[in-house]
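Structure data follow from coords26.txt (compact mmCIF, C-alpha atoms):
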```txt
# COMPACT_ATOMS: atom_id res chain seq x y z
CA MET K 1 0.00 0.00 0.00
CA LEU K 2 1.12 3.52 -0.70
CA SER K 3 1.86 5.50 2.45
CA ARG K 4 0.53 9.01 2.77
CA ARG K 5 3.00 11.80 3.37
CA ARG K 6 2.58 13.39 6.76
CA PRO K 7 2.11 17.14 6.65
CA GLY K 8 5.26 19.00 7.63
CA LYS K 9 5.58 22.22 9.58
CA SER K 10 5.40 24.31 6.42
CA ASP K 11 2.14 22.58 5.41
CA ILE K 12 0.63 23.30 8.82
CA LEU K 13 1.72 26.95 8.66
CA ILE K 14 0.25 27.36 5.17
CA GLY K 15 -2.97 25.76 6.36
CA LEU K 16 -3.22 28.09 9.36
CA LEU K 17 -2.50 31.09 7.17
CA CYS K 18 -5.24 30.03 4.72
CA LEU K 19 -7.67 29.63 7.61
CA PHE K 20 -6.78 33.06 9.00
CA ALA K 21 -7.17 34.56 5.52
CA ALA K 22 -10.64 32.99 5.12
CA VAL K 23 -11.74 34.35 8.50
CA SER K 24 -10.29 37.78 7.63
CA LEU K 25 -12.18 37.86 4.32
CA CYS K 26 -15.48 36.77 5.87
CA TYR K 27 -15.16 39.24 8.73
CA ALA K 28 -14.45 42.12 6.34
CA VAL K 29 -17.37 41.29 4.03
CA VAL K 30 -19.90 40.74 6.84
CA THR K 31 -19.05 43.95 8.72
CA ALA K 32 -18.51 46.25 5.70
CA PRO K 33 -22.20 47.16 5.11
CA ARG K 34 -22.41 48.63 8.63
CA ILE K 35 -19.37 50.89 8.20
CA GLY K 36 -18.29 52.17 4.78
CA LYS K 37 -17.29 55.59 6.15
CA ASP K 38 -14.69 56.22 3.45
CA ALA K 39 -17.14 55.30 0.69
CA LEU K 40 -19.51 57.93 2.08
CA TYR K 41 -16.61 60.36 2.26
CA TYR K 42 -15.98 59.88 -1.46
CA ARG K 43 -19.70 60.29 -2.13
CA THR K 44 -19.61 63.67 -0.37
CA ILE K 45 -16.72 64.83 -2.56
CA ALA K 46 -18.46 63.64 -5.74
CA SER K 47 -21.84 65.09 -4.78
CA SER K 48 -20.35 68.48 -3.90
CA TRP K 49 -18.72 68.76 -7.30
CA ALA K 50 -21.84 67.50 -9.11
CA SER K 51 -23.94 70.14 -7.34
CA GLY K 52 -21.48 72.92 -8.22
CA THR K 53 -20.04 73.40 -4.73
CA TYR K 54 -16.35 74.23 -4.53
CA LEU K 55 -15.20 72.53 -1.35
CA PRO K 56 -12.31 74.93 -0.53
CA ASP K 57 -14.93 77.70 -0.28
CA THR K 58 -16.58 75.76 2.55
CA GLY K 59 -13.40 75.86 4.61
CA VAL K 60 -13.18 72.05 4.72
CA PHE K 61 -10.14 70.25 3.30
CA TYR K 62 -10.93 66.69 2.23
CA GLY K 63 -7.52 65.62 0.93
CA PRO K 64 -8.03 63.90 -2.44
CA ALA K 65 -6.97 65.79 -5.56
CA PRO K 66 -9.67 67.75 -7.48
CA TRP K 67 -9.76 65.27 -10.37
CA THR K 68 -10.82 62.55 -7.93
CA ALA K 69 -14.29 64.12 -7.70
CA VAL K 70 -14.78 63.76 -11.46
CA ALA K 71 -13.66 60.13 -11.51
CA LEU K 72 -16.00 59.29 -8.62
CA SER K 73 -18.92 61.45 -9.78
CA PRO K 74 -21.23 58.43 -10.44
CA LEU K 75 -21.39 57.96 -6.65
CA SER K 76 -23.40 61.19 -6.44
CA LEU K 77 -26.31 59.37 -8.12
CA LEU K 78 -26.54 56.76 -5.35
CA SER K 79 -27.98 56.80 -1.86
CA PRO K 80 -25.56 56.26 1.07
CA PRO K 81 -26.49 52.55 1.52
CA GLN K 82 -26.16 51.95 -2.21
CA THR K 83 -22.75 53.65 -2.20
CA VAL K 84 -21.47 51.42 0.60
CA THR K 85 -22.78 48.29 -1.13
CA LEU K 86 -21.29 49.29 -4.48
CA MET K 87 -17.87 49.98 -2.95
CA LEU K 88 -17.96 46.58 -1.25
CA VAL K 89 -18.64 44.86 -4.59
CA ILE K 90 -15.94 46.92 -6.34
CA ASN K 91 -13.41 46.10 -3.63
CA LEU K 92 -14.15 42.38 -3.83
CA VAL K 93 -13.69 42.47 -7.62
CA ALA K 94 -10.46 44.43 -7.13
CA THR K 95 -9.30 41.81 -4.61
CA GLY K 96 -9.74 39.05 -7.17
CA LEU K 97 -7.89 41.07 -9.80
CA VAL K 98 -5.00 41.84 -7.43
CA LEU K 99 -4.54 38.16 -6.58
CA ILE K 100 -4.85 37.01 -10.21
CA MET K 101 -2.38 39.60 -11.45
CA GLY K 102 0.00 39.13 -8.51
CA VAL K 103 0.31 35.44 -9.33
CA GLY K 104 0.26 36.08 -13.08
CA LEU K 105 3.08 38.63 -12.94
CA TRP K 106 5.43 36.80 -10.58
CA GLY K 107 4.13 33.31 -9.86
CA ARG K 108 3.64 31.52 -13.16
CA GLU K 109 6.38 29.07 -12.21
CA TRP K 110 5.48 28.85 -8.53
CA THR K 111 4.11 25.81 -6.75
CA ILE K 112 0.51 25.74 -5.54
CA ARG K 113 1.75 26.29 -1.98
CA GLU K 114 3.63 29.44 -2.99
CA ARG K 115 0.58 30.81 -4.76
CA LEU K 116 -1.61 30.01 -1.78
CA PHE K 117 0.88 31.69 0.52
CA LEU K 118 0.86 35.00 -1.39
CA CYS K 119 -2.94 35.08 -1.72
CA SER K 120 -3.50 34.14 1.92
CA LEU K 121 -0.91 36.63 3.15
CA PHE K 122 -2.67 39.42 1.26
CA LEU K 123 -6.13 38.50 2.59
CA ALA K 124 -4.78 38.13 6.12
CA TRP K 125 -3.35 41.64 6.31
CA ALA K 126 -5.16 44.08 8.58
CA SER K 127 -4.92 46.64 5.76
CA PHE K 128 -7.15 44.40 3.62
CA ARG K 129 -9.83 44.21 6.31
CA ILE K 130 -9.67 47.96 6.96
CA THR K 131 -9.98 48.76 3.26
CA VAL K 132 -12.98 46.51 2.64
CA ARG K 133 -14.80 47.54 5.82
CA ASN K 134 -14.32 51.28 5.26
CA GLY K 135 -14.91 51.24 1.51
CA GLN K 136 -11.46 52.66 0.81
CA LEU K 137 -9.95 53.04 -2.67
CA SER K 138 -6.62 51.41 -1.87
CA LEU K 139 -7.65 48.03 -3.28
CA VAL K 140 -8.78 49.60 -6.54
CA ILE K 141 -5.58 51.64 -6.83
CA THR K 142 -3.44 48.57 -6.12
CA ALA K 143 -5.31 46.67 -8.84
CA LEU K 144 -4.76 49.56 -11.28
CA ILE K 145 -1.03 49.67 -10.50
CA LEU K 146 -0.69 45.93 -11.05
CA GLY K 147 -2.68 46.29 -14.26
CA PHE K 148 -0.28 49.02 -15.35
CA ILE K 149 2.69 46.71 -14.71
CA TRP K 150 0.93 43.88 -16.57
CA MET K 151 0.28 46.05 -19.64
CA ARG K 152 3.86 47.36 -19.62
CA ARG K 153 5.14 43.80 -19.81
CA GLN K 154 2.78 43.05 -22.66
CA LYS K 155 4.22 46.09 -24.49
CA ARG K 156 0.86 47.86 -24.52
CA PRO K 157 1.79 51.45 -23.60
CA TYR K 158 -1.61 52.99 -24.28
CA ALA K 159 -3.44 50.59 -21.95
CA ALA K 160 -0.66 50.97 -19.39
CA GLY K 161 -0.99 54.76 -19.55
CA ILE K 162 -4.77 54.63 -19.06
CA LEU K 163 -4.45 52.40 -15.99
CA LEU K 164 -1.65 54.53 -14.56
CA GLY K 165 -3.70 57.67 -15.19
CA LEU K 166 -6.69 56.20 -13.36
CA SER K 167 -4.47 55.21 -10.44
CA LEU K 168 -3.49 58.87 -10.03
CA ILE K 169 -6.90 59.58 -8.49
CA LYS K 170 -5.01 58.50 -5.37
CA TYR K 171 -1.63 59.86 -6.38
CA PRO K 172 0.17 59.33 -3.01
CA LEU K 173 0.13 55.61 -3.87
CA SER K 174 0.96 55.88 -7.55
CA PHE K 175 3.02 59.02 -8.16
CA LEU K 176 6.37 57.19 -7.86
CA PHE K 177 5.22 54.72 -10.51
CA MET K 178 4.51 57.75 -12.69
CA THR K 179 8.05 58.98 -11.96
CA TYR K 180 9.43 55.51 -12.75
CA THR K 181 7.66 55.55 -16.11
CA LEU K 182 9.31 58.89 -16.94
CA TRP K 183 12.69 57.56 -15.78
CA LYS K 184 12.27 54.58 -18.11
CA LYS K 185 11.46 57.03 -20.94
CA GLU K 186 8.14 55.35 -21.64
CA TRP K 187 6.74 58.53 -23.08
CA LYS K 188 3.50 57.13 -24.51
CA ALA K 189 2.31 55.67 -21.20
CA ALA K 190 3.48 58.72 -19.25
CA GLY K 191 1.85 61.13 -21.69
CA ILE K 192 -1.51 59.36 -21.56
CA ALA K 193 -1.45 59.18 -17.74
CA LEU K 194 -0.62 62.88 -17.37
CA GLY K 195 -3.08 63.79 -20.11
CA MET K 196 -5.91 62.01 -18.28
CA THR K 197 -5.12 63.89 -15.08
CA ILE K 198 -5.07 67.23 -16.89
CA ALA K 199 -8.32 66.45 -18.71
CA LEU K 200 -10.11 65.49 -15.49
CA THR K 201 -8.87 68.68 -13.83
CA ILE K 202 -10.20 70.79 -16.72
CA VAL K 203 -13.59 69.06 -16.49
CA TYR K 204 -13.61 69.68 -12.73
CA ALA K 205 -12.88 73.38 -13.30
CA ALA K 206 -15.45 73.75 -16.09
CA ARG K 207 -18.27 72.43 -13.92
CA LEU K 208 -17.46 74.96 -11.20
CA HIS K 209 -16.78 77.82 -13.67
CA LEU K 210 -13.31 78.31 -12.21
CA SER K 211 -9.82 78.53 -13.63
CA PRO K 212 -7.82 75.25 -13.51
CA ILE K 213 -4.87 77.35 -12.34
CA ARG K 214 -6.82 78.61 -9.34
CA ILE K 215 -7.94 75.09 -8.47
CA ILE K 216 -4.38 73.73 -8.57
CA ARG K 217 -3.12 76.73 -6.60
CA ASP K 218 -5.78 76.29 -3.90
CA TYR K 219 -5.15 72.56 -3.64
CA THR K 220 -1.38 73.01 -3.47
CA SER K 221 -1.80 75.62 -0.73
CA ASP K 222 -4.09 73.33 1.29
CA ILE K 223 -1.70 70.40 0.91
CA ALA K 224 1.30 72.49 1.99
CA GLY K 225 -0.57 73.72 5.04
CA ASN K 226 -1.68 70.23 6.07
CA LEU K 227 1.76 68.71 5.58
CA SER K 228 3.08 70.91 8.37
CA THR K 229 0.19 70.09 10.71
CA LYS K 230 1.12 67.36 13.14
CA ASP K 231 -2.44 66.06 13.57
CA THR K 232 -2.74 65.19 9.87
CA ALA K 233 0.77 64.74 8.48
CA PHE K 234 2.33 62.70 11.30
CA THR K 235 -0.24 59.92 11.59
CA GLY K 236 0.84 57.50 8.87
CA SER K 237 1.45 53.91 9.96
CA THR K 238 4.40 53.29 7.62
CA GLU K 239 5.76 56.80 7.12
CA ILE K 240 9.14 57.41 8.77
CA LYS K 241 8.47 61.03 9.80
CA PRO K 242 6.65 60.33 13.12
CA MET K 243 9.63 58.34 14.37
CA ILE K 244 12.01 61.13 13.37
CA ASP K 245 9.74 63.57 15.19
CA HIS K 246 9.95 61.45 18.34
CA PHE K 247 13.75 61.45 18.34
CA LEU K 248 13.81 65.23 17.76
CA GLY K 249 11.63 65.88 20.78
CA GLY K 250 8.36 66.64 19.01
CA GLN K 251 9.39 69.46 16.65
CA PRO K 252 7.35 69.03 13.45
CA ARG K 253 9.20 71.51 11.25
CA LEU K 254 12.57 70.12 12.24
CA ALA K 255 11.25 66.61 11.62
CA ILE K 256 10.06 67.61 8.15
CA ALA K 257 13.51 69.06 7.34
CA ALA K 258 15.25 65.91 8.59
CA ALA K 259 12.82 63.76 6.58
CA LEU K 260 13.63 65.75 3.44
CA VAL K 261 17.33 65.04 3.97
CA LEU K 262 16.56 61.35 4.41
CA TRP K 263 14.36 61.29 1.30
CA THR K 264 17.13 62.93 -0.73
CA ALA K 265 19.62 60.33 0.50
CA ALA K 266 17.12 57.58 -0.33
CA LEU K 267 16.68 58.87 -3.88
CA LEU K 268 20.45 58.91 -4.36
CA ALA K 269 20.63 55.34 -3.05
CA VAL K 270 17.81 54.34 -5.40
CA GLY K 271 19.69 55.87 -8.33
CA ILE K 272 22.83 53.88 -7.47
CA ALA K 273 20.93 50.63 -6.88
CA PHE K 274 18.84 50.96 -10.03
CA SER K 275 21.92 51.63 -12.15
CA ARG K 276 23.63 48.49 -10.81
CA GLY K 277 20.52 46.30 -10.86
CA ARG K 278 19.32 47.74 -14.15
CA ASN K 279 17.94 44.43 -15.45
CA TRP K 280 16.14 43.44 -12.26
CA GLU K 281 12.88 45.29 -12.82
CA ASP K 282 11.02 43.30 -10.16
CA GLY K 283 13.43 44.57 -7.53
CA GLN K 284 12.99 48.12 -8.79
CA LEU K 285 9.19 47.89 -8.56
CA ALA K 286 9.42 46.44 -5.05
CA ALA K 287 11.76 49.25 -3.97
CA ILE K 288 9.40 51.87 -5.42
CA SER K 289 6.47 50.35 -3.53
CA LEU K 290 8.38 50.38 -0.25
CA LEU K 291 9.70 53.92 -0.80
CA THR K 292 6.14 55.07 -1.53
CA LEU K 293 4.96 53.77 1.84
CA TRP K 294 7.66 55.22 4.07
CA ALA K 295 8.32 58.52 2.28
CA ILE K 296 4.93 60.20 2.87
CA CYS K 297 1.90 59.84 5.10
CA HIS K 298 -0.14 56.69 4.51
CA ARG K 299 -2.95 55.27 6.60
CA PRO K 300 -2.91 51.50 7.33
CA TYR K 301 -5.07 50.63 4.31
CA ASP K 302 -2.39 51.81 1.87
CA SER K 303 -0.11 48.99 3.03
CA LEU K 304 -1.88 46.81 0.45
CA LEU K 305 0.82 48.01 -1.94
CA LEU K 306 3.11 45.57 -0.10
CA ILE K 307 1.69 42.88 -2.39
CA ILE K 308 4.43 43.84 -4.88
CA PRO K 309 7.47 43.33 -2.59
CA ALA K 310 5.75 40.29 -1.06
CA ALA K 311 5.44 38.66 -4.50
CA VAL K 312 9.04 39.57 -5.34
CA PHE K 313 10.27 38.07 -2.06
CA VAL K 314 8.29 34.85 -2.66
CA ASP K 315 9.96 34.60 -6.06
CA LEU K 316 13.35 35.52 -4.58
CA ARG K 317 13.02 32.70 -2.05
CA ARG K 318 13.35 30.26 -4.97
CA GLN K 319 16.84 31.57 -5.72
CA THR K 320 19.91 30.60 -3.73
CA GLY K 321 21.32 34.12 -3.68
CA GLY K 322 18.52 35.74 -1.68
CA LYS K 323 16.64 32.88 0.01
CA ARG K 324 17.43 33.82 3.61
CA VAL K 325 16.68 37.51 3.07
CA ALA K 326 13.40 36.58 1.39
CA GLU K 327 12.31 34.29 4.23
CA TRP K 328 13.00 36.92 6.89
CA SER K 329 11.26 39.57 4.81
CA LEU K 330 8.13 37.45 4.35
CA ALA K 331 8.07 36.69 8.07
CA LEU K 332 8.13 40.43 8.78
CA LEU K 333 5.37 41.05 6.25
CA GLY K 334 3.31 38.45 8.09
CA LEU K 335 3.20 40.81 11.09
CA PHE K 336 0.96 43.13 9.08
CA ALA K 337 -1.82 40.59 9.67
CA ILE K 338 -2.22 41.77 13.25
CA SER K 339 -1.05 45.41 12.85
CA VAL K 340 0.82 45.72 16.14
CA PRO K 341 0.61 49.56 16.30
CA GLY K 342 -3.16 49.40 15.83
CA LEU K 343 -3.42 46.58 18.36
CA LEU K 344 -1.67 48.68 21.01
CA THR K 345 -3.44 51.99 20.47
CA ASP K 346 -6.85 51.22 18.94
CA ARG K 347 -7.85 47.80 20.22
CA LEU K 348 -6.08 47.84 23.59
CA GLY K 349 -6.61 51.57 24.05
CA LEU K 350 -3.09 52.26 25.34
CA ASP K 351 -1.75 55.81 25.40
CA PRO K 352 0.95 56.14 22.70
CA ALA K 353 3.05 58.53 24.79
CA THR K 354 3.07 56.10 27.72
CA VAL K 355 3.82 53.07 25.53
CA ALA K 356 6.68 54.90 23.79
CA ARG K 357 8.58 55.29 27.08
CA ASN K 358 9.29 51.57 27.08
CA PRO K 359 11.79 50.35 24.40
CA ALA K 360 9.63 47.36 23.52
CA GLY K 361 6.55 49.57 23.40
CA PHE K 362 8.35 52.07 21.19
CA ILE K 363 9.28 49.32 18.73
CA GLY K 364 5.69 48.10 18.76
CA LEU K 365 4.31 51.55 18.00
CA HIS K 366 6.70 52.05 15.09
CA LEU K 367 6.96 48.42 13.97
CA GLU K 368 5.35 48.81 10.56
CA ARG K 369 7.46 51.81 9.53
CA LEU K 370 10.58 49.98 10.77
CA ILE K 371 9.66 46.92 8.69
CA VAL K 372 9.00 48.92 5.54
CA MET K 373 12.23 50.89 5.93
CA SER K 374 14.21 47.69 6.59
CA LEU K 375 12.79 45.91 3.56
CA PHE K 376 13.48 48.95 1.38
CA THR K 377 17.10 48.95 2.53
CA ALA K 378 17.40 45.19 2.00
CA MET K 379 16.02 45.48 -1.53
CA LEU K 380 18.54 48.17 -2.45
CA ILE K 381 21.41 46.12 -0.99
CA LEU K 382 20.30 43.09 -3.01
CA MET K 383 20.33 45.15 -6.18
CA ILE K 384 23.76 46.60 -5.46
CA LYS K 385 25.43 43.45 -4.11
CA HIS K 386 23.94 40.71 -6.26
CA ARG K 387 23.02 42.55 -9.44
CA SER K 388 24.34 39.90 -11.86
CA PRO K 389 22.93 36.59 -10.50
CA LEU K 390 19.65 38.07 -9.35
CA ALA K 391 19.08 40.05 -12.50
CA VAL K 392 19.32 36.85 -14.51
CA ALA K 393 17.59 34.47 -12.14
CA VAL K 394 14.78 36.52 -10.66
CA THR K 395 13.45 38.72 -13.43
CA GLY K 396 9.71 37.94 -13.69
CA ALA K 397 8.28 36.25 -16.73
CA THR K 398 6.18 38.26 -19.12
CA PRO K 399 2.53 37.26 -18.76
CA ALA K 400 1.00 35.56 -21.72
```

Let's see the structure in the file written out as structure tokens.
Amino acid sequence: MLSRRRPGKSDILIGLLCLFAAVSLCYAVVTAPRIGKDALYYRTIASSWASGTYLPDTGVFYGPAPWTAVALSPLSLLSPPQTVTLMLVINLVATGLVLIMGVGLWGREWTIRERLFLCSLFLAWASFRITVRNGQLSLVITALILGFIWMRRQKRPYAAGILLGLSLIKYPLSFLFMTYTLWKKEWKAAGIALGMTIALTIVYAARLHLSPIRIIRDYTSDIAGNLSTKDTAFTGSTEIKPMIDHFLGGQPRLAIAAALVLWTAALLAVGIAFSRGRNWEDGQLAAISLLTLWAICHRPYDSLLLIIPAAVFVDLRRQTGGKRVAEWSLALLGLFAISVPGLLTDRLGLDPATVARNPAGFIGLHLERLIVMSLFTAMLILMIKHRSPLAVAVTGATPA
């Protein structure tokens, strides 16, 4: 008789992760209809524009760029419950697309277990639950960015440009991919993406009978003012600035200046790493995703962009040169399933100032930004140190 293979530790861990992912998905879907606060927030923006109300005149700053209101204008036709339900459906469709494209871009040669791991890891993240429950756009933007990468690899610049342009409705997540497209001199895709943004801004201005220049000036002024306000610009879960602010004794302007110096150094490091790992595009995309998350303010739901470095690390684990780094990196990404900072402050209700006095508490509060910064550094080192073997062995296959 044939003996059955006993499940090993890795099989048990994959099974537990799949179970956690299933529970996470069910919990998000069941509770979403009762929340959906961000979906209603987007509806307010769209309805204000549709009715001819210029939000800056009301004295309220909502955050998203003006062209976002045009892209989301169909929400103004729906009631609040309908808006929440529609965003739930859209987010579930986006989830399926993200998982299909994540595996299609990087996992065509993976085993079933590796594919299950990536999909389960994504569904297990707290950022996934937060996005679905609140009706956030982060899932949609992540799907658009992956679609942009997919179309680039199929040599379809016009489709890539359209998807990139749509992703700019939440530009804090996608603007570095726009920059990357310019750096790669992919002028068709970049031109279409920028053209879409300009066109949507003109439509926004025409409806309100205002000059596009005034609208951009007002928005830029509001953004600049909010970036220096500690209550709004120092609350990101992955951004490095709050930790800098802590070490500088709570001086926001000084922290912003120090962050600018760090960002400049990071861009120089990216330039060096990209020039040495020129053929390893997967590593470049992973580095861009990580830089996006720690460079500016991002709420927990934006951490869904980690699907790109997660997929690259799963693929890297198959190569001898970076296996250990990949395994440690994936273990760290697994911590996003419980969101330690949120656990301490939101669910346990602990005072951040009190927790930060303890070294372990301080690490817990800043864990996600430390992880993102560490993985960004590791990715650059891999590109600089192992550019030849990794560039040949790890470059993702072009989807069929």

In Å, how far is it from atom CA of K:Phe376 to atom CA of K:Ala126?
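Calculated distance between atom CA of K:Phe376 and atom CA of K:Ala126 is 20.6 Å.
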
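Atom CA of K:Met373 is found 9.3 Å from atom CA of K:Ala295.
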
Minimum-distance residue to K:Ala337, chosen among K:Leu304, K:Leu262, K:Val140, K:Met151 (using only C-alpha atoms):
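For K:Ala337, the nearest of the candidates is K:Leu304.
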
Distance criterion (all atoms listed in the file): nearest to K:Asp302 out of K:Ile141, K:Val60, K:Leu77, K:Val23
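Ranking K:Ile141, K:Val60, K:Leu77, K:Val23 by distance to K:Asp302, first place goes to K:Ile141.
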
Any idea what's packed within 9 Å of stretch 101-118 of chain K, counting all atoms listed in the file, ignoring anything in its chain fewer than 3 positions away? Could you give it as a VMD selection string?
chain K and resid 11 14 17 to 18 96 to 98 121 to 123 143 146 to 147 149 to 150 153 282 307 to 308 310 to 312 314 to 315 318 395 to 400

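Coordinates place atom CA of K:Phe175 at a distance of 19.9 Å from atom CA of K:Arg156.
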